[in-house]
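> Pasting in a structure now, in structure tokens, and then I'll have a few things to ask.
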Amino acid sequence: MSLKLNTVTVIGSGTMGNGISHVFAQHGFNVRMMDINQGALDKALVTIGKNMDRLVAKGSITEQLKQESMARISTYTNMEEAVKESDLVVEAATENIELKLNIFRQLDQFSPSNCILASNTSSISLTRIASVTKRPGKVIGMHFMNPVPVMKLVEIINGYGTDAEVTETIYKLSEQLGKVPCVVNDYPGFISNRILMPMINESVLALQEGVAGVQEIDTIMKLGMAHPMGPLQLADFIGLDTCYSIMHVLHMGFGNQKYAPATLLANMVQAGYLGVKSGEGFYKYTPGSKELVVSSRFASREWK
Ligand code: CAA
């Protein structure tokens, strides 16, 4: 039997946090969006409003549903206030293990004892996260994909001790959100990033070795394999720091050299070339422009 959920707290209001808040609010849930920074919360509300406007413009939702959904989102900077009446918490803070463990200790302390604690982690062990709480049966992974309002998948990750009833609840909830859930077990990178990140890392290695340029690598994967974005553009979209840290988790977790992050990836992260969020990665991004321009560091040869 699955459990009834009405009030959902989302921890973190960055790209993933605001996307997750958007989707819950649009599907009738009361959302409490929590961040330590009120400025980040204000910015997230503007982003959610703009993303809902896109859906209104396409006729996917009505203006009335947008207004009702926005009214269902409240913001908090205090953790205790944000979670004390919640049925579910979805943590979407920065991908840093110490930070997440600290957040889960507080969630365990301040949320009702029957509240489910989910993490949107893309690679950190759910079993490890659950171990700092007194309710490991109620800790689960709920891994949304970016952009959350668009991408259909929710990868559900069972920790070693996750209760079957909690998995069933999160499965049904994901369907209620219009998503397609897939349940996997707690191994490094789960399924999504165990497969996606080595592909991205391999494309960085191919670039590093001079096998082909940025444009060629991305075009081959876009047109040859029908990927919506090439792997290097996708790496920029995800953030090169995130890609690097997930490769590190795979490398440490499996102890296999085949997962070692590419040196070029490491260098770009060290130098602050993180992709879209820093303005440059494999491509250079100009605010307001949708044109995809390869970074001058990787300028292609002219054949024409
Ligand atoms: N909110 C609402 N709608 C949005 C949106 C958002 N944040 N972002 C894009 N859209 C909508 C647009 O309105 C547009 O709708 P229509 O086609 O109906 O008009 C549609 O999505 C496509 O957007 P664009 O026309 O702007 O651009 P596009 O066609 O290039 O698509 C994309 C953009 C959906 C991001 C597409 O390029 C894509 O699917 N890329 C791959 C995304 C991906 O792989 N995500 C997973 C990353 S990995 C991850 O998240 C997890 C991890 O652990 C690392």
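Going through the structure tokens in order, the chains are called A, B, and so on, while each chain numbers its residues from 1 and the ligands are numbered from 1 in the order shown.
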Return as a ChimeraX atom specification every polymer residue, whether protein, DNA or RNA, with at least one atom no more than 9 Å from an atom of ligand 1; count only C-alpha atoms and all ligand atoms.
/A:15-16,19,22,47-48,50-55,57-58,60,120-123,143-151,189,192-193,196-197,227-231,233-235,237-239,242-243,246,290
> Name the residues of region 94-219 of chain A that fall into strand (DSSP E or B) according to DSSP on the backbone, using the chain letters and numbers of this document, as a list in words.
Ile116, Leu117, Ala118, Ser119, Val139, Ile140, Gly141, Met142, His143, Phe144, Leu153, Val154, Glu155, Ile156, Ile157, Asn158, Val180, Pro181, Cys182, Val183, Val184 and Asn185 of chain A
> With distances taken over only C-alpha atoms, which of A:Tyr244, A:Ser113, A:Lys43, A:Leu265 is nearest to Glu95 (chain A)?
A:Tyr244
> One decimal, Å: what's the distance from CA of Lys100 (chain A) over to CA of Ile129 (chain A), could you say?
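Between CA of Lys100 (chain A) and CA of Ile129 (chain A) the gap works out to 7.3 Å.
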> Enumerate as a PyMOL selection string all residues of region 78-226 of chain A assigned to alpha helix (DSSP H) by DSSP on the backbone, naming them with the chain letters and numbers the document uses.
chain A and resi 79-83+97-110+126-130+164-176+192-208+214-225
> Between A:Asp186, A:Asp241, A:Glu168, A:Glu280, which one has atoms that come closest to Ala130 (chain A), using only C-alpha atoms?
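Smallest separation from Ala130 (chain A) among the options: A:Asp186.
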> Can you list, as a list in words, every protein, DNA or RNA residue that comes within 8 Å of Ile11 (chain A) when you count only C-alpha atoms, leaving out same-chain residues fewer than 5 positions away?
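Non-adjacent residues within range: Gly17, Met33, Met34, Asp35, Val89, Val90, Glu91, Ala92 and Ala93 of chain A.
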> Rounded to one decimal in Å, what is the spacing between CA of Glu291 (chain A) and CA of Glu209 (chain A)?
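Answer for the CA of Glu291 (chain A) to CA of Glu209 (chain A) separation: 26.7 Å.
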> Using only C-alpha atoms, can you tell me which of A:Pro188, A:Pro136, A:Gly161, A:Pro181 comes closest to Ile124 (chain A)?
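That would be A:Pro188, the residue with the smallest distance to Ile124 (chain A).
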> From the set A:Ile220, A:Ala71, A:Leu207, A:Val249, which residue has the shortest atom-to-atom contact distance to Ala262 (chain A), counting only C-alpha atoms?
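Comparing A:Ile220, A:Ala71, A:Leu207, A:Val249 against Ala262 (chain A), the winner is A:Leu207.
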> Report as a compact mmCIF listing (two decimals) with C-alpha atoms, in the first residue's frame all protein, DNA and RNA residues lying within 9 Å of Val184 (chain A), evaluated on only C-alpha atoms, omitting residues in the same chain fewer than 5 positions from it.

```txt
# COMPACT_ATOMS: atom_id res chain seq x y z
CA GLU A 155 15.38 7.20 -11.81
CA ILE A 156 14.32 5.80 -8.42
CA ILE A 157 17.21 4.45 -6.37
CA ASN A 158 16.64 1.96 -3.57
CA PHE A 190 23.21 4.03 -10.55
CA ILE A 191 22.25 3.33 -14.21
```
> Under the rule that only C-alpha atoms are counted, which of A:Ala206, A:Ile97, A:Val8, A:Ala118 is the nearest residue to Lys84 (chain A)?
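Residue with the minimum atom-to-atom distance to Lys84 (chain A): A:Val8.
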> If we count only C-alpha atoms, what is near Asn114 (chain A) at a cut-off of 12 Å, once residues fewer than 6 positions away on the same chain are taken out, given as a list in words?
Leu3, Lys4, Leu5, Val83, Lys84, Glu85, Ser86, Asp87, Leu88, Val89, Leu107, Asp108, Lys134, Arg135, Pro136, Gly137, Lys138, Val139 and Val166 of chain A
> Next, dump the selected residues to file, keeping only N, CA and C atoms, as a compact mmCIF listing (two decimals), in the first residue's frame.

```txt
# COMPACT_ATOMS: atom_id res chain seq x y z
N LEU A 3 1.74 5.40 0.39
CA LEU A 3 1.38 6.41 1.39
C LEU A 3 0.86 7.67 0.71
N LYS A 4 0.03 8.45 1.42
CA LYS A 4 -0.54 9.66 0.83
C LYS A 4 0.38 10.85 1.10
N LEU A 5 0.64 11.63 0.06
CA LEU A 5 1.55 12.76 0.21
C LEU A 5 0.85 14.04 -0.26
N VAL A 83 10.39 22.01 6.84
CA VAL A 83 10.12 20.56 6.79
C VAL A 83 9.20 20.05 7.89
N LYS A 84 8.83 20.91 8.85
CA LYS A 84 8.17 20.36 10.05
C LYS A 84 6.80 19.75 9.77
N GLU A 85 6.14 20.14 8.64
CA GLU A 85 4.82 19.55 8.35
C GLU A 85 4.83 18.76 7.05
N SER A 86 6.01 18.34 6.59
CA SER A 86 6.09 17.72 5.26
C SER A 86 5.82 16.22 5.26
N ASP A 87 5.26 15.75 4.14
CA ASP A 87 5.07 14.31 3.94
C ASP A 87 6.26 13.73 3.17
N LEU A 88 6.90 14.61 2.39
CA LEU A 88 8.04 14.19 1.56
C LEU A 88 9.01 15.35 1.46
N VAL A 89 10.30 15.05 1.55
CA VAL A 89 11.33 16.05 1.26
C VAL A 89 12.12 15.54 0.06
N LEU A 107 17.28 16.99 8.36
CA LEU A 107 15.94 16.56 7.90
C LEU A 107 15.39 15.52 8.86
N ASP A 108 16.25 14.60 9.28
CA ASP A 108 15.83 13.53 10.19
C ASP A 108 15.38 14.11 11.53
N LYS A 134 17.81 8.11 11.33
CA LYS A 134 17.26 7.01 12.15
C LYS A 134 16.14 6.32 11.39
N ARG A 135 15.97 6.66 10.10
CA ARG A 135 14.87 6.07 9.32
C ARG A 135 15.36 5.60 7.94
N PRO A 136 16.38 4.74 7.88
CA PRO A 136 16.92 4.33 6.58
C PRO A 136 15.87 3.73 5.64
N GLY A 137 14.79 3.15 6.21
CA GLY A 137 13.72 2.58 5.38
C GLY A 137 12.98 3.63 4.60
N LYS A 138 13.04 4.89 5.07
CA LYS A 138 12.29 5.97 4.42
C LYS A 138 13.20 6.87 3.58
N VAL A 139 14.42 6.44 3.33
CA VAL A 139 15.34 7.23 2.50
C VAL A 139 15.46 6.57 1.12
N VAL A 166 7.85 2.35 0.58
CA VAL A 166 8.35 3.68 0.20
C VAL A 166 8.66 3.70 -1.30
```
> So what do you get for CA of Val269 (chain A) versus CA of Met142 (chain A), distance-wise?
26.8 Å
> For Thr75 (chain A), which of A:Leu177, A:Val10, A:Cys115, A:Leu126 is the closest residue, counting only C-alpha atoms?
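Checking each candidate against Thr75 (chain A), we get A:Val10 as the closest.
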